[in-house]
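So the structure is just underneath, and the comments pick up after that.
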Amino acid sequence: MTWEIKKEAEQTSYQAVHTFDVSAQTEQIKIQYTLKQVSWLRFLVFDDKGILRAQKSGIASTGSVSILDTDSVQRTDIEEIEDLSFQLGDLNTLPGTIHEGQWRIEYKLNISDKQEIEDILGEIDIEYLTGEQVGTAPNQRPYEVSWKKEGATVFELDEAVLERTLETTARWYKGDFHTHTVFSDGKMTREQNLEQAVKQGLDFFVATDHDLMPTSWPLSFNCLVLPGVEVTSDLGHYNRLFGLTHPFQDKGYQVLDEEVDLVSSFNKTDEEQHLNSVNHPFLTEWKWLAKSLPISAIDSLEIWNDPTYEANIEATERALKTWDRLLQDGHKITGIGGSDSHLMPVETYPNSSLPSLIGDPATYVFSEALNGKQLKSGVAEGKVFVSRFNYEIDLTVNGGTIGDHFADWKEEVSASCMIHSPSHSTDIQIEWTIDGSVVTTTRQKEDTQVFLLDSSQYHYVRVTVRSSKGELLAFSNPVFFGEKEPELLTWKDVVESV
């Protein structure tokens with residue numbers, strides 16, 4: 001069965017839904033596409049029961065995905081990881097029973113407005129395989145760990161992926177919350193991502209390809225990889241971090257089309273564990289535009305996106321200012337960073353002297369152990385600081401540290417901050433921020449201050465670390481005092497108040 005993707009007026013975005021019938025004899029479904037030009041094609045395949053079984057998101061002119069019926073295939077458990085197994089079938093699919101019935105495929109095709117648009121943009125072909133036509137051996141990748149939840153009635157990953165523990169020490173863990181691979185628009189393979197993460201000294205990272213939620217990952221004992229997805233709309237991008245469910249399971253790509261649907265996709269059931277994180281909220285054409293988004297739906301905000309991308313210098317400063325406005329209003333939203341890594345480690349963006357690397361910036365999370373559940377708790381509690389070049393923030397306020405919250409306190413509050421850096425450079429200044437305003441700046445690595453905080457009012461204290469020229473090196477999340485009922489309820493309210 002073949003469908004043509006046809007030109008419609010002078011559009012640069014095309015989408016459609018097609019249904020197709022699958023027979024009881026089918027053991028493998030192969031979806032292939034061929035485009036006339038290199039373009040960004042995303043598609044979803046749902047089975048007869050409405051379960052999302054395959055997903056594709058990439059910039060290419062050709063590609064394919066195979067859904068494998070695995071009822072008769074022997075699965076091999078990995079002893080080191082209880083309840084997780086080798087992945088069978090193509091990456092980013094859910095292997096399982098192929099039922100007879102009507103299936104459907106949804107696709108979205110985006111082409112550059114600089115390309116010449118032909119009448120026929122390409123085609124999508126579906127092939128049904130049985131018997132000797134089915135190739136299972138090439139799809140059984142050694143050391144590929146399946147994250148799929150057995151017996152799930154919807155697209156769902158196994159909770160064990162968040163429970164896998166590489167270390168049991170309570171400490172600051174270095175990670176990255178925004179990464180990409182060749183499976184969307186990145187240049188590195190998943191294995192190269194792992195290799196570079198280890199070189200950068202990362203303890204963990206979250207896999208957040210565009211509109212693509214991984215169902216497996218190569219086994220690693222040197223760096224913990226956790227599931228995520230970057231929901232990519234014309235109204236802005238956001239990450240679902242530590243997620244086990246797919247944002248497109250219920251509504252498909254409808255989530256991306258209208259603001260009301262994008263905003264509603266932030267809603268979580270009691271069983272869902274992910275954190276919603278708005279990405280690069282002020283970055284050029286990728287800024288956040290869904291103004292009706294309730295602030296209460298945001299768990300974290302990506303303050304600092306790839307510092308080697310020139311436009312991010314201004315976008316990051318604006319995000320910092322907006323985040324302080326949210327904190328000042330009483331919102332407890334965790335500020336994080338993300339490298340948004342797309343390039344090879346030797347490549348640079350225009351006007352940058354440094355390569356764009358995974359882990360730049362790095363987000364440090366204080367966690368009881370190196371596993372997804374504890375890291376998620378650390379982020380949710382605001383036990384986070386973000387930095388470049390391995391600068392580390394040791395902040396103590398009123399005897400508490402980053403993310404702590406005091407309900408009662410005496411008016412006189414003591415605070416100390418020490419910046420640990422890999423060099424002996426003294427080119428450092430600490431900006432002390434209280435309730436949204438920089439109250440004092442110290443041009444040294446270590447400082448002690450005493451602040452008067454009215455015990456009848458809400459307050460927060462945090463620090464920003466810069467070079468003497470004002471270059472951002474690190475920032476901490478706050479130590480909170482008291483509570484305040486927020487008045488800014490939507491993203492529109494916040495943007496208009498800054």
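Here's how to read the names in the structure tokens: chain A, B, ... by the order shown, residue numbers from 1 in each chain, ligand numbers from 1 in the order shown.
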Find the residues around Leu343 of chain A up to 9 Å (only C-alpha atoms counted), leave out those fewer than 3 positions away in its own chain, and share them as a list of chain:residue names. A:His180, A:Gly186, A:Lys187, A:Met188, A:Val346, A:Glu347, A:Thr348, A:Tyr349, A:Pro355, A:Ser356, A:Leu357, A:Ile358
Please provide the set of residues having any atom within 8 Å of segment 2-16 of chain A, restricted to only C-alpha atoms, with same-chain residues fewer than 5 positions apart removed, written as a PyMOL selection string. chain A and resi 106-113+117-126
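Straight-line separation from atom CA of Leu395 of chain A to atom CA of Leu473 of chain A: 15.2 Å.
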Neighbours of Val198 of chain A within 12 Å (only C-alpha atoms; same-chain residues fewer than 2 positions away dropped), as a PyMOL selection string? chain A and resi 174-176+191-196+200-205+220-225+357-359
For segment 235-274 of chain A against segment 50-62 of chain A, with a cut-off of 10 Å and counting only C-alpha atoms, what is the closest atom pair and its distance in Å to one decimal for every residue that makes the cut, ordered by chain and number, as a tab-separated table?
residue	atom	partner	partner_atom	distance
A:His246	CA	A:Leu52	CA	8.5
A:Phe248	CA	A:Leu52	CA	8.1
A:Gln249	CA	A:Leu52	CA	5.8
A:Asp250	CA	A:Gly50	CA	8.3
A:Gly252	CA	A:Leu52	CA	8.8
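Distances to Gly372 of chain A were evaluated for A:Gly436, A:Gly228, A:Pro307, A:Pro281 using only C-alpha atoms, and the minimum falls at A:Gly228.
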